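Structure file upload.txt (compact mmCIF, C-alpha atoms and all ligand atoms) follows.
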```txt
# COMPACT_ATOMS: atom_id res chain seq x y z
CA MET A 16 13.56 31.56 -31.68
CA GLY A 17 11.83 34.62 -30.20
CA ALA A 18 9.28 36.59 -32.21
CA THR A 19 11.37 39.78 -31.93
CA LEU A 20 14.37 38.10 -33.43
CA MET A 21 12.34 36.68 -36.30
CA THR A 22 10.91 40.11 -37.05
CA THR A 23 14.35 41.74 -36.97
CA MET A 24 15.74 39.12 -39.31
CA ALA A 25 12.84 39.41 -41.72
CA ALA A 26 13.05 43.20 -41.69
CA SER A 27 16.74 43.32 -42.44
CA GLY A 28 16.62 40.47 -44.92
CA ALA A 29 19.23 38.72 -42.83
CA SER A 30 19.75 35.03 -43.21
CA PHE A 31 22.01 34.49 -40.27
CA LEU A 32 20.81 30.99 -39.65
CA ALA A 33 20.84 29.96 -43.30
CA GLY A 34 23.24 27.15 -43.88
CA VAL A 35 23.15 25.76 -40.33
CA GLY A 36 25.07 22.52 -40.41
CA ALA A 37 26.93 23.65 -43.55
CA LYS A 38 29.09 21.17 -45.39
CA PRO A 39 32.49 20.66 -43.73
CA GLY A 40 35.22 22.47 -45.65
CA SER A 41 32.91 25.01 -47.26
CA THR A 42 32.17 28.74 -47.26
CA LYS A 43 28.69 30.15 -47.72
CA LYS A 44 27.68 33.71 -48.48
CA SER A 45 24.32 35.18 -47.54
CA SER A 46 22.76 38.60 -47.08
CA PHE A 47 23.18 40.25 -43.67
CA GLY A 48 20.96 43.24 -44.43
CA LYS A 49 21.60 46.82 -45.51
CA THR A 50 23.27 49.82 -43.91
CA PRO A 51 21.12 52.93 -43.24
CA ASP A 52 22.55 54.29 -46.54
CA GLY A 53 21.15 51.29 -48.39
CA GLU A 54 24.46 49.53 -48.93
CA SER A 55 24.21 45.73 -49.01
CA VAL A 56 26.11 43.82 -46.38
CA ASP A 57 27.02 40.14 -46.57
CA LEU A 58 27.72 37.37 -44.12
CA TYR A 59 30.26 34.67 -44.92
CA LYS A 60 30.11 31.46 -42.98
CA LEU A 61 33.37 29.49 -43.03
CA THR A 62 33.06 25.84 -41.97
CA ASN A 63 36.23 23.81 -41.49
CA LYS A 64 36.55 20.10 -42.03
CA ASN A 65 35.67 19.38 -38.36
CA GLY A 66 32.46 21.41 -38.57
CA ALA A 67 33.78 24.39 -36.56
CA GLU A 68 32.37 27.66 -37.93
CA ALA A 69 33.33 31.31 -38.18
CA ALA A 70 30.78 33.82 -39.47
CA ILE A 71 32.19 37.14 -40.68
CA THR A 72 30.31 40.14 -42.00
CA THR A 73 31.55 42.67 -44.52
CA TYR A 74 30.30 45.41 -42.14
CA GLY A 75 33.40 46.31 -40.16
CA GLY A 76 34.90 42.95 -41.13
CA SER A 77 33.32 41.82 -37.87
CA VAL A 78 33.45 38.28 -36.51
CA VAL A 79 29.76 37.55 -35.87
CA SER A 80 30.03 34.07 -34.42
CA LEU A 81 32.71 31.49 -33.80
CA LYS A 82 31.62 27.95 -32.97
CA VAL A 83 34.16 25.56 -31.52
CA PRO A 84 33.81 22.29 -29.57
CA ASP A 85 33.65 21.91 -25.81
CA ARG A 86 35.22 18.93 -24.04
CA SER A 87 32.31 16.68 -25.05
CA GLY A 88 32.68 17.73 -28.68
CA LYS A 89 29.60 19.97 -28.65
CA LEU A 90 29.98 23.06 -30.83
CA GLY A 91 29.19 26.37 -29.14
CA ASP A 92 29.59 30.04 -29.92
CA VAL A 93 32.40 31.81 -28.04
CA VAL A 94 32.02 35.44 -29.19
CA LEU A 95 29.52 38.26 -28.74
CA GLY A 96 27.75 39.42 -31.89
CA PHE A 97 24.47 40.48 -33.49
CA ASP A 98 21.89 38.74 -35.65
CA SER A 99 21.94 41.34 -38.42
CA VAL A 100 23.84 44.39 -39.63
CA ASP A 101 21.62 46.72 -37.55
CA GLY A 102 23.30 45.64 -34.32
CA TYR A 103 26.70 46.49 -35.79
CA VAL A 104 25.55 49.89 -37.09
CA ASN A 105 24.13 50.82 -33.70
CA ASN A 106 26.70 49.57 -31.19
CA THR A 107 29.57 51.67 -29.91
CA SER A 108 31.43 48.79 -28.29
CA TYR A 109 33.29 47.64 -31.43
CA ILE A 110 31.85 44.13 -31.02
CA GLY A 111 33.91 41.68 -33.10
CA ALA A 112 35.10 44.42 -35.47
CA LEU A 113 38.28 45.18 -37.35
CA ILE A 114 39.80 48.31 -35.83
CA GLY A 115 41.68 51.03 -37.73
CA ARG A 116 43.38 53.13 -38.53
CA TYR A 117 44.61 53.18 -34.97
CA GLY A 118 43.66 50.53 -32.40
CA ASN A 119 43.06 52.02 -28.93
CA ARG A 120 43.75 55.64 -27.95
CA ILE A 121 45.72 58.56 -29.30
CA GLY A 122 46.13 61.20 -26.56
CA HIS A 123 44.57 64.65 -27.06
CA ALA A 124 43.39 63.49 -30.48
CA GLU A 125 46.54 64.62 -32.24
CA PHE A 126 50.01 63.51 -33.23
CA LYS A 127 53.03 64.91 -35.02
CA LEU A 128 54.60 63.24 -38.01
CA ASP A 129 57.45 64.69 -40.10
CA GLY A 130 57.00 67.97 -38.20
CA LYS A 131 53.33 68.31 -39.09
CA THR A 132 50.50 68.10 -36.52
CA TYR A 133 47.53 65.93 -37.46
CA THR A 134 44.24 66.61 -35.66
CA LEU A 135 41.80 63.75 -35.15
CA ALA A 136 38.26 63.36 -33.79
CA LYS A 137 37.81 63.47 -30.01
CA ASN A 138 35.49 60.49 -29.74
CA ASN A 139 36.58 59.41 -26.24
CA GLY A 140 36.79 62.37 -23.87
CA GLU A 141 39.77 64.43 -25.04
CA ASN A 142 41.21 61.49 -26.98
CA THR A 143 40.74 59.48 -30.18
CA LEU A 144 39.63 55.88 -29.73
CA HIS A 145 39.82 53.08 -32.31
CA GLY A 146 40.29 55.25 -35.39
CA GLY A 147 37.83 58.06 -34.67
CA THR A 148 34.17 58.72 -35.38
CA LYS A 149 33.92 56.38 -38.36
CA GLY A 150 36.68 53.86 -37.97
CA PHE A 151 37.20 50.71 -40.01
CA ASN A 152 34.57 49.04 -37.80
CA LYS A 153 31.89 51.14 -39.55
CA ALA A 154 33.15 50.56 -43.11
CA VAL A 155 31.70 48.04 -45.55
CA TRP A 156 34.64 45.94 -46.75
CA ALA A 157 34.92 44.21 -50.13
CA ALA A 158 35.13 40.44 -49.65
CA LYS A 159 36.11 37.36 -51.58
CA GLU A 160 36.77 33.75 -50.74
CA ILE A 161 40.37 32.77 -51.39
CA PRO A 162 42.07 29.37 -51.34
CA ALA A 163 43.95 28.32 -48.21
CA LYS A 164 46.15 25.28 -47.65
CA ASP A 165 44.91 24.66 -44.14
CA GLY A 166 41.25 25.71 -44.01
CA GLN A 167 38.70 28.22 -45.29
CA ALA A 168 39.81 31.78 -45.99
CA LEU A 169 38.11 35.10 -46.63
CA GLU A 170 39.92 38.19 -47.91
CA LEU A 171 38.59 41.62 -46.99
CA THR A 172 39.85 44.84 -48.54
CA TYR A 173 39.26 48.51 -47.83
CA LEU A 174 40.71 51.74 -49.20
CA SER A 175 40.96 54.38 -46.50
CA LYS A 176 41.37 57.65 -48.39
CA ASP A 177 43.99 60.29 -47.67
CA GLY A 178 42.65 62.44 -44.81
CA GLU A 179 40.00 59.96 -43.66
CA GLU A 180 39.36 60.65 -39.96
CA GLY A 181 42.35 63.05 -40.12
CA PHE A 182 45.01 60.42 -40.97
CA PRO A 183 47.41 61.03 -43.87
CA GLY A 184 47.86 58.82 -46.94
CA ASN A 185 45.70 56.64 -49.15
CA LEU A 186 45.87 53.39 -47.24
CA HIS A 187 45.12 50.08 -48.95
CA VAL A 188 44.21 47.55 -46.28
CA ARG A 189 43.80 43.80 -46.73
CA VAL A 190 42.78 41.39 -44.00
CA ILE A 191 42.68 37.63 -44.43
CA TYR A 192 40.64 35.58 -42.01
CA THR A 193 41.36 31.83 -42.12
CA LEU A 194 39.43 29.28 -40.11
CA THR A 195 41.96 26.47 -40.07
CA ASP A 196 41.24 22.76 -39.92
CA SER A 197 42.95 22.69 -36.53
CA ASN A 198 40.25 25.03 -35.10
CA ALA A 199 42.21 28.27 -35.17
CA LEU A 200 41.08 31.65 -36.44
CA ARG A 201 44.08 33.28 -38.08
CA ILE A 202 43.92 37.00 -38.90
CA GLU A 203 46.55 38.50 -41.21
CA TYR A 204 46.67 42.25 -41.74
CA PHE A 205 48.40 43.89 -44.72
CA ALA A 206 48.61 47.56 -45.71
CA THR A 207 50.46 50.01 -47.93
CA THR A 208 50.33 53.81 -48.00
CA ASP A 209 51.26 56.59 -50.43
CA LYS A 210 52.23 59.09 -47.67
CA ASP A 211 53.93 58.69 -44.30
CA THR A 212 51.28 57.67 -41.80
CA VAL A 213 50.65 55.77 -38.55
CA LEU A 214 48.80 52.48 -38.33
CA ASN A 215 47.73 49.98 -35.66
CA LEU A 216 45.26 47.34 -36.80
CA THR A 217 43.49 44.83 -34.58
CA ASN A 218 40.31 42.86 -34.10
CA HIS A 219 37.92 43.62 -31.24
CA SER A 220 36.27 40.22 -30.59
CA TYR A 221 34.69 39.78 -27.17
CA PHE A 222 35.10 36.22 -25.93
CA ASN A 223 33.19 34.11 -23.47
CA LEU A 224 34.37 30.53 -23.81
CA ALA A 225 31.25 29.24 -22.04
CA GLY A 226 29.12 31.11 -24.58
CA PRO A 227 27.48 34.54 -24.70
CA GLY A 228 24.64 34.55 -22.19
CA SER A 229 26.35 32.09 -19.85
CA GLY A 230 27.15 34.72 -17.21
CA ASP A 231 30.36 36.61 -16.48
CA ILE A 232 33.89 35.64 -17.48
CA LEU A 233 35.39 35.99 -13.98
CA GLY A 234 35.94 32.22 -13.62
CA HIS A 235 38.00 31.98 -16.82
CA ILE A 236 41.64 31.20 -16.05
CA LEU A 237 44.07 33.48 -17.84
CA MET A 238 47.80 33.50 -18.49
CA ILE A 239 49.43 36.49 -20.19
CA GLU A 240 53.02 36.18 -21.35
CA ALA A 241 54.05 39.63 -20.09
CA ASP A 242 56.50 40.85 -17.44
CA LYS A 243 55.41 44.46 -17.90
CA PHE A 244 52.34 46.55 -18.71
CA THR A 245 51.77 50.19 -19.64
CA PRO A 246 50.09 52.07 -16.76
CA VAL A 247 47.56 54.73 -17.77
CA ASP A 248 46.26 58.13 -16.63
CA SER A 249 42.59 58.91 -15.96
CA GLY A 250 41.89 59.17 -19.71
CA LEU A 251 43.40 55.67 -20.17
CA ILE A 252 46.40 57.13 -22.02
CA PRO A 253 49.73 55.41 -21.19
CA THR A 254 51.97 57.47 -18.93
CA GLY A 255 55.00 56.20 -20.89
CA GLU A 256 56.20 53.97 -18.06
CA LEU A 257 56.70 50.23 -18.60
CA ARG A 258 55.88 48.84 -15.17
CA GLY A 259 56.77 45.36 -13.89
CA VAL A 260 53.71 43.18 -13.21
CA ALA A 261 55.32 41.44 -10.21
CA GLY A 262 53.29 42.01 -7.04
CA THR A 263 50.41 43.69 -8.94
CA PRO A 264 46.99 42.45 -10.16
CA PHE A 265 48.56 42.54 -13.64
CA ASP A 266 50.72 39.51 -12.98
CA PHE A 267 49.12 36.79 -15.10
CA ARG A 268 52.40 34.94 -15.72
CA THR A 269 50.96 32.13 -13.62
CA PRO A 270 47.42 31.16 -14.76
CA THR A 271 44.94 33.08 -12.54
CA GLU A 272 41.17 33.54 -12.50
CA ILE A 273 40.21 36.79 -14.25
CA GLY A 274 37.96 37.62 -11.28
CA ALA A 275 40.60 37.09 -8.59
CA ARG A 276 41.82 40.71 -8.56
CA VAL A 277 39.45 42.56 -10.91
CA ASN A 278 37.84 44.46 -8.03
CA SER A 279 41.02 45.13 -6.08
CA ASP A 280 41.79 48.65 -4.87
CA ASP A 281 44.93 48.86 -7.00
CA GLU A 282 45.11 52.37 -8.48
CA GLN A 283 45.47 51.10 -12.08
CA ILE A 284 42.55 48.68 -11.75
CA LYS A 285 40.44 51.58 -10.45
CA LEU A 286 41.43 53.83 -13.36
CA GLY A 287 40.43 51.11 -15.83
CA GLY A 288 37.24 50.14 -14.00
CA GLY A 289 38.78 46.65 -14.14
CA TYR A 290 41.35 45.51 -16.68
CA ASP A 291 41.67 47.82 -19.68
CA HIS A 292 45.42 47.84 -20.15
CA ASN A 293 48.13 47.11 -22.66
CA PHE A 294 50.49 44.29 -21.71
CA VAL A 295 54.05 44.33 -23.03
CA LEU A 296 54.55 40.86 -24.47
CA SER A 297 57.72 38.97 -23.54
CA ARG A 298 58.62 37.98 -27.08
CA LYS A 299 61.61 35.82 -27.75
CA PRO A 300 63.94 37.63 -30.13
CA GLY A 301 63.90 35.99 -33.53
CA ASP A 302 60.54 34.27 -33.02
CA PRO A 303 58.32 35.39 -35.88
CA ILE A 304 55.18 34.79 -33.83
CA SER A 305 54.85 34.06 -30.13
CA LEU A 306 52.32 33.04 -27.55
CA ALA A 307 50.67 36.10 -25.98
CA ALA A 308 47.98 34.56 -23.78
CA ARG A 309 46.17 31.38 -22.86
CA VAL A 310 42.64 31.21 -21.42
CA ARG A 311 40.76 28.22 -20.06
CA GLU A 312 37.10 27.93 -19.09
CA PRO A 313 36.71 25.18 -16.47
CA LYS A 314 33.02 24.27 -17.01
CA THR A 315 33.15 23.63 -20.76
CA GLY A 316 36.85 22.74 -20.91
CA ARG A 317 37.28 25.16 -23.83
CA ALA A 318 40.71 26.77 -24.09
CA MET A 319 42.07 29.51 -26.33
CA GLU A 320 45.63 30.54 -27.07
CA VAL A 321 46.47 33.89 -28.63
CA TRP A 322 49.58 34.03 -30.82
CA THR A 323 50.80 37.24 -32.39
CA THR A 324 53.58 39.11 -34.14
CA GLU A 325 52.54 42.28 -32.26
CA PRO A 326 54.45 43.67 -29.25
CA GLY A 327 51.35 44.21 -27.08
CA VAL A 328 47.90 42.99 -26.13
CA GLN A 329 45.05 45.01 -24.64
CA PHE A 330 43.31 42.93 -21.99
CA TYR A 331 39.84 44.39 -21.49
CA THR A 332 37.19 42.91 -19.17
CA GLY A 333 34.09 44.41 -20.80
CA ASN A 334 33.94 47.14 -18.15
CA PHE A 335 31.79 49.42 -20.32
CA LEU A 336 29.23 46.77 -21.25
CA ASP A 337 26.14 47.77 -19.27
CA GLY A 338 23.40 45.40 -20.42
CA SER A 339 21.93 47.86 -22.93
CA LEU A 340 23.18 45.94 -25.98
CA HIS A 341 21.16 42.91 -26.98
CA GLY A 342 23.06 40.49 -29.14
CA LYS A 343 22.36 37.20 -30.88
CA ASP A 344 19.22 35.46 -29.61
CA GLY A 345 18.34 38.56 -27.55
CA VAL A 346 21.10 38.00 -25.00
CA SER A 347 21.90 41.17 -23.05
CA TYR A 348 25.58 42.05 -22.84
CA THR A 349 26.25 42.92 -19.22
CA LYS A 350 29.42 44.15 -17.53
CA ARG A 351 32.18 41.52 -17.57
CA SER A 352 30.12 39.08 -19.66
CA ALA A 353 33.08 38.87 -22.07
CA PHE A 354 36.75 39.77 -22.34
CA CYS A 355 38.94 41.03 -25.18
CA LEU A 356 42.56 40.27 -25.99
CA GLU A 357 43.30 42.87 -28.67
CA THR A 358 46.77 42.32 -30.12
CA GLN A 359 48.35 45.63 -31.01
CA HIS A 360 51.16 48.17 -30.89
CA PHE A 361 50.94 50.17 -27.68
CA PRO A 362 48.24 52.83 -27.28
CA ASP A 363 49.30 56.42 -28.06
CA SER A 364 52.55 55.27 -29.73
CA PRO A 365 52.54 58.21 -32.20
CA ASN A 366 53.07 60.48 -29.16
CA GLN A 367 55.40 58.17 -27.24
CA PRO A 368 58.87 58.10 -28.78
CA LYS A 369 60.00 55.26 -26.49
CA PHE A 370 57.27 52.87 -27.66
CA PRO A 371 57.77 50.68 -30.76
CA SER A 372 56.98 52.80 -33.82
CA THR A 373 53.64 52.63 -35.63
CA GLU A 374 54.83 54.64 -38.63
CA LEU A 375 54.30 53.29 -42.12
CA LYS A 376 56.00 54.86 -45.13
CA PRO A 377 55.39 54.57 -48.87
CA GLY A 378 57.18 51.49 -50.22
CA GLU A 379 56.88 49.63 -46.89
CA ARG A 380 54.50 46.72 -46.40
CA TYR A 381 52.59 46.46 -43.14
CA HIS A 382 52.04 42.81 -42.25
CA THR A 383 51.01 41.43 -38.86
CA THR A 384 49.46 38.12 -37.84
CA THR A 385 47.34 37.07 -34.89
CA ILE A 386 46.01 33.56 -34.31
CA TYR A 387 43.30 32.51 -31.87
CA LYS A 388 43.78 28.74 -31.35
CA PHE A 389 41.01 26.69 -29.77
CA SER A 390 41.29 23.38 -27.98
CA THR A 391 39.77 21.59 -25.01
CA ALA A 392 41.17 20.52 -21.66
CA LYS A 393 39.87 17.82 -19.31
C1 LIG B 1 39.19 48.98 -25.82
C2 LIG B 1 39.44 50.13 -24.94
C3 LIG B 1 38.35 50.21 -23.93
C4 LIG B 1 37.01 50.33 -24.58
C5 LIG B 1 36.82 49.20 -25.54
C6 LIG B 1 35.55 49.36 -26.37
O1 LIG B 1 39.37 47.80 -25.18
O2 LIG B 1 40.69 50.10 -24.32
O3 LIG B 1 38.58 51.30 -23.07
O4 LIG B 1 36.92 51.53 -25.27
O5 LIG B 1 37.90 49.10 -26.42
O6 LIG B 1 34.45 49.71 -25.60
```
Just give me the structure of the file as C-alpha cells.
Ligand code: GLA
Amino acid sequence: MGATLMTTMAASGASFLAGVGAKPGSTKKSSFGKTPDGESVDLYKLTNKNGAEAAITTYGGSVVSLKVPDRSGKLGDVVLGFDSVDGYVNNTSYIGALIGRYGNRIGHAEFKLDGKTYTLAKNNGENTLHGGTKGFNKAVWAAKEIPAKDGQALELTYLSKDGEEGFPGNLHVRVIYTLTDSNALRIEYFATTDKDTVLNLTNHSYFNLAGPGSGDILGHILMIEADKFTPVDSGLIPTGELRGVAGTPFDFRTPTEIGARVNSDDEQIKLGGGYDHNFVLSRKPGDPISLAARVREPKTGRAMEVWTTEPGVQFYTGNFLDGSLHGKDGVSYTKRSAFCLETQHFPDSPNQPKFPSTELKPGERYHTTTIYKFSTAK
C-alpha cells in the first residue's frame, strides 16, 4: 500500500481494508470518515456465502467496491471507487452513487407539472443533471442491515424535503441493496411523496470487469436488448425521436466489442463523445423484470447481466473521465477506463409527453428493481 493512501486513510479515520477476508454470509460496518460538515459516514461490507463482497457507503449510498470471481475463481474488484469519503465528496462523476431525484438530464432545467413550472439548478450547461447541485449522491443516507432470504442486505433511507433542488413534495426514499448468494447485486428502489412530483432513481456504478486500473473497457463484449435508442441534441437532451438501432453504432443486439464503433463518425456518437445514450429496452409485455444487457470480458472471463423493471438504460463509456480522479489504490480514472449501464426512465421525460411518465402522486408507491448478475465464461 502506498504511503499517500495510508496517510489519507489515517486522516479520514477510514477503515476500508478492515475486515478483509470477512466471514462468508456476514455484514460488517466500519467508519468511512467524515463529511466536510463533520457528519460521520459509514462503510458496510456485505460478504455472501461464496466470499464475494460488496462495500457500500452511506455517503450517496455509493457502491465502493464489488468483488466477484474470475474464471479461475479469483476474486477481483469490478467497480471504480474511492478509499474514503473524501473521494466521494470531491468527485463530480457520480462514481458508484445513488442518483436522484432525477437520473440524467432535464432540459433547460425546468418542467411543468399540474400547470405549474418548476425551476431547477443548471448544473450541466443549460440543463439539470442527476438531480441538481446536491443530488442524492451527496446526501448521507441512514443505513441498517436487514434480513434477506438469499444473501446479505442493507437498507438505506433518505428524506428529500419538499422543494429540495427545486422538486416538489416530501419524498421518502428507501433503497435496498442485496448481495445474493448467487453473486448478484440487487438494487430495489422505493419511494412515496406527499405532493405530485417526478422521480427517476438509478445507480451510477462504473464497471470494468477486468478491474479498475486494468486499462480501457473497449475490449469488453456488450449486448443490449434494445431495438431503439433516444437520439440527443448537442446538450445531450433527447430530441423526442425513438430511432431504430439497425445499421447504426447503437446496434448491440448481437454481442459486439464496445470499442468497435466508439470512435466512428456517426453524428450521435460525436455528440456524445462516445456512447452516452438512453437505449429503449425491448421488454416483453407481462415480464416483471427483463434482461437489459450482457457484458463479457474475455481476459478474465467475467460476465455481467443487467436485469431491470425500467424501460431504459443509459450506456455511458466514461467519456468525461480525464485521468484527474484518483480512486482506490491511487489508480487514475482515464477516459473509457469504465462503462456505466444506468437503468432508468428516459432522460427529460417530464418535458417529453410521448416518453413513459415519471410522475409520482401521493398514495402511489414507486418501486423499481435492477439486478447486476455476475458469472464467468470459459
Ligand atoms: C451520465 C450522463 C453523462 C455524464 C455521466 C456522469 O451517464 O449521461 O453525460 O454526465 O452521467 O459524468
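Take CA of Leu135 in chain A and CA of Gly289 in chain A: the distance between them is 27.3 Å.
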message = Quick check, in Å to one decimal: how far apart do CA of Ala154 in chain A and CA of His341 in chain A lie?
response =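 Interatomic distance here is 21.5 Å.
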Protein and nucleic residues near ligand LIG 1 (chain B), 8 Å, only C-alpha atoms and all ligand atoms, as a list in words =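 Sorted by chain and then by number, the residues are Thr107, Ser108, Tyr109, Ile110, Asn119, Arg120, Asn139, Leu144, His145, His219, Leu251, Gly287, Asp291, His292, Gln329, Phe330, Tyr331, Gly333, Asn334, Phe335, Leu336, Cys355 and Glu357 of chain A.
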request  = Report the distance between CA of Lys393 in chain A and CA of Thr62 in chain A in Å, rounded to one decimal place.
outcome  =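 Between these atoms lies a distance of 25.0 Å.
Nearest to Pro365 in chain A of all the residues A:Pro246, A:Gly122, A:Gly301, A:Gly96 is A:Gly122, counting only C-alpha atoms.
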task = Pick out the closest residue to Gly226 in chain A from this set: A:Ser347, A:Thr315, A:Thr373, A:Asn106. Count all atoms listed in the file.
result = A:Thr315
Nearest to Asp57 in chain A, chosen from A:Ala199, A:Ala112, A:Val310, A:Ile71, with all atoms listed in the file counted in the distances =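 Closest to Asp57 in chain A of all the choices is A:Ile71.
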query = Could you name the residues that touch Ser249 in chain A at 12 Å or less, counting all atoms listed in the file, but leaving out those on the same chain fewer than 5 positions away, as a list in words?
reply =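 The residues satisfying every condition are Gly122, Asn139, Gly140, Glu141, Asn142, Thr254, Glu282, Gln283, Ile284, Lys285, Leu286, Gly287, Gly288 and Asp291 of chain A.
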Show me, as lines of an AutoDock Vina configuration file, the centre and edge lengths in Å to one decimal of the axis-aligned box that covers every listed atom of range 128-136 of chain A with 4 Å on each side.
```
center_x = 47.9
center_y = 65.8
center_z = -36.9
size_x = 27.2
size_y = 13.1
size_z = 14.3
```
inquiry  = So, with all atoms listed in the file as the atoms that count, which of A:Phe354, A:Phe361, A:Phe205, A:Tyr74 lies closest to Leu233 in chain A?
reply    = A:Phe354
task = Identify, on the basis of all atoms listed in the file, every residue whose closest approach to Pro227 in chain A does not exceed 10 Å; exclude the query and any residue fewer than 5 positions from it along the same chain; express the result as a ChimeraX atom specification.
result = /A:91-96,221-222,232,342-344,346-348,352-353
request  = Could you give me, as a list in words, the residues that have an atom at most 8 Å away from the point (35.3, 43.6, -48.3) in the coordinates of the file, using all atoms listed in the file?
outcome  = Thr73, Gly76, Val155, Trp156, Ala157, Ala158, Lys159, Glu170, Leu171, Thr172 and Tyr173 of chain A
Mind dumping the selected residues with C-alpha atoms as a PDB file, in the frame of the given file?
```pdb
ATOM      1  CA  THR A  73      31.550  42.670 -44.520  1.00  0.00           C
ATOM      2  CA  GLY A  76      34.900  42.950 -41.130  1.00  0.00           C
ATOM      3  CA  VAL A 155      31.700  48.040 -45.550  1.00  0.00           C
ATOM      4  CA  TRP A 156      34.640  45.940 -46.750  1.00  0.00           C
ATOM      5  CA  ALA A 157      34.920  44.210 -50.130  1.00  0.00           C
ATOM      6  CA  ALA A 158      35.130  40.440 -49.650  1.00  0.00           C
ATOM      7  CA  LYS A 159      36.110  37.360 -51.580  1.00  0.00           C
ATOM      8  CA  GLU A 170      39.920  38.190 -47.910  1.00  0.00           C
ATOM      9  CA  LEU A 171      38.590  41.620 -46.990  1.00  0.00           C
ATOM     10  CA  THR A 172      39.850  44.840 -48.540  1.00  0.00           C
ATOM     11  CA  TYR A 173      39.260  48.510 -47.830  1.00  0.00           C
TER      12      TYR A 173
END
```
key: Residue nearest Gly40 in chain A - candidates A:His360, A:Lys314, A:Lys164, A:His123, atoms counted: all atoms listed in the file   = A:Lys164
ask   = Which polymer residues, protein or nucleic acid, are no farther than 8 Å from (33.9, 26.5, -29.9), counting all atoms listed in the file, as an NGL selection string?
value = :A and (67 or 81-85 or 89-93 or 224 or 317 or 389)
What are the closest atom pairs, with distances in Å to one decimal, for all residues of range 81-124 of chain A lying within 10 Å of range 181-189 of chain A? Consider only C-alpha atoms, order rows by chain and residue number, and present the result as CSV.
```
residue,atom,partner,partner_atom,distance
A:Gly115,CA,A:Val188,CA,9.6
A:Arg116,CA,A:Phe182,CA,7.9
A:Tyr117,CA,A:Phe182,CA,9.4
A:Ala124,CA,A:Gly181,CA,9.7
```
Atom completion result for range 43-57 of chain A (N, CA and C atoms) as a CSV table (one decimal), in the frame of the given file:
```
chain,number,residue,atom,x,y,z
A,43,LYS,N,30.0,29.7,-47.2
A,43,LYS,CA,28.7,30.2,-47.7
A,43,LYS,C,28.5,31.6,-47.5
A,44,LYS,N,28.0,32.3,-48.6
A,44,LYS,CA,27.7,33.7,-48.5
A,44,LYS,C,26.2,33.9,-48.4
A,45,SER,N,25.7,34.8,-47.6
A,45,SER,CA,24.3,35.2,-47.5
A,45,SER,C,24.2,36.7,-47.2
A,46,SER,N,23.0,37.2,-47.4
A,46,SER,CA,22.8,38.6,-47.1
A,46,SER,C,22.7,38.8,-45.6
A,47,PHE,N,23.2,39.9,-45.1
A,47,PHE,CA,23.2,40.2,-43.7
A,47,PHE,C,22.4,41.5,-43.5
A,48,GLY,N,21.8,42.0,-44.5
A,48,GLY,CA,21.0,43.2,-44.4
A,48,GLY,C,21.6,44.4,-45.1
A,49,LYS,N,21.1,45.6,-44.8
A,49,LYS,CA,21.6,46.8,-45.5
A,49,LYS,C,21.9,47.9,-44.5
A,50,THR,N,22.9,48.7,-44.8
A,50,THR,CA,23.3,49.8,-43.9
A,50,THR,C,22.2,50.9,-44.0
A,51,PRO,N,22.1,51.9,-43.1
A,51,PRO,CA,21.1,52.9,-43.2
A,51,PRO,C,21.2,53.7,-44.6
A,52,ASP,N,22.4,53.7,-45.2
A,52,ASP,CA,22.6,54.3,-46.5
A,52,ASP,C,22.1,53.4,-47.7
A,53,GLY,N,21.6,52.2,-47.4
A,53,GLY,CA,21.2,51.3,-48.4
A,53,GLY,C,22.2,50.4,-49.0
A,54,GLU,N,23.4,50.4,-48.4
A,54,GLU,CA,24.5,49.5,-48.9
A,54,GLU,C,24.3,48.1,-48.5
A,55,SER,N,24.4,47.1,-49.4
A,55,SER,CA,24.2,45.7,-49.0
A,55,SER,C,25.4,45.2,-48.2
A,56,VAL,N,25.1,44.4,-47.2
A,56,VAL,CA,26.1,43.8,-46.4
A,56,VAL,C,25.9,42.3,-46.4
A,57,ASP,N,27.1,41.6,-46.5
A,57,ASP,CA,27.0,40.1,-46.6
A,57,ASP,C,27.6,39.5,-45.3
```
